[in-house]
Each structure stands twice: as structure tokens, then as C-alpha cells.
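S.K.: So that we are looking at the same thing, I have put the structure below in C-alpha cells.
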Amino acid sequence: MDLVGHVLATLISLIFLAILGAISGVAVPGLFIAAVAPWLDWIRPVRKRDA
């Protein structure tokens, strides 16, 4: 019975970490892109500026 409890706790932990990893895998790069986007546009603009 003790083995079943350990396996269940491990599975719950792995599921929780998988959900956390999926969220951070989307959120962290999105925050990075949002912070870096103005500099990327300054370095290599998508369109020509009328000046």
C-alpha cells in the first residue's frame, strides 16, 4: 500500500510540473519577445519609415 501512495504522489507531482512547464514555456518567451520587440524594430524595421 505504501508503494501505491508513493507512485500516486509521483504521478501527481509530474502532472503538476508538466502543467507548470507548459505555462512557463509559453509565458516566458512571450514576455521576452514583448520586452525585446522595440529594439528588434529599431535594429531591423519591418517597413521603411518616411523621413
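In the C-alpha cells, each chain is lettered A, B, ... as it comes, each chain's residues begin at 1, and ligands are numbered from 1 in order of appearance.
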Would you please give, as a PyMOL selection string, all residues of chain A that DSSP assigns to helix (DSSP H, G or I) based on the backbone?
M.R.: chain A and resi 2-43
S.K.: Report, in Å to a single decimal, how far apart atom CA of Phe16 of chain A and atom CA of Leu3 of chain A are.
M.R.: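 Separating atom CA of Leu3 of chain A from atom CA of Phe16 of chain A is a distance of 20.0 Å.
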S.K.: Quick one: distance from atom CA of Val4 of chain A to atom CA of Ile23 of chain A in Å, one decimal?
M.R.: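 Here the two named atoms are 28.7 Å from each other.
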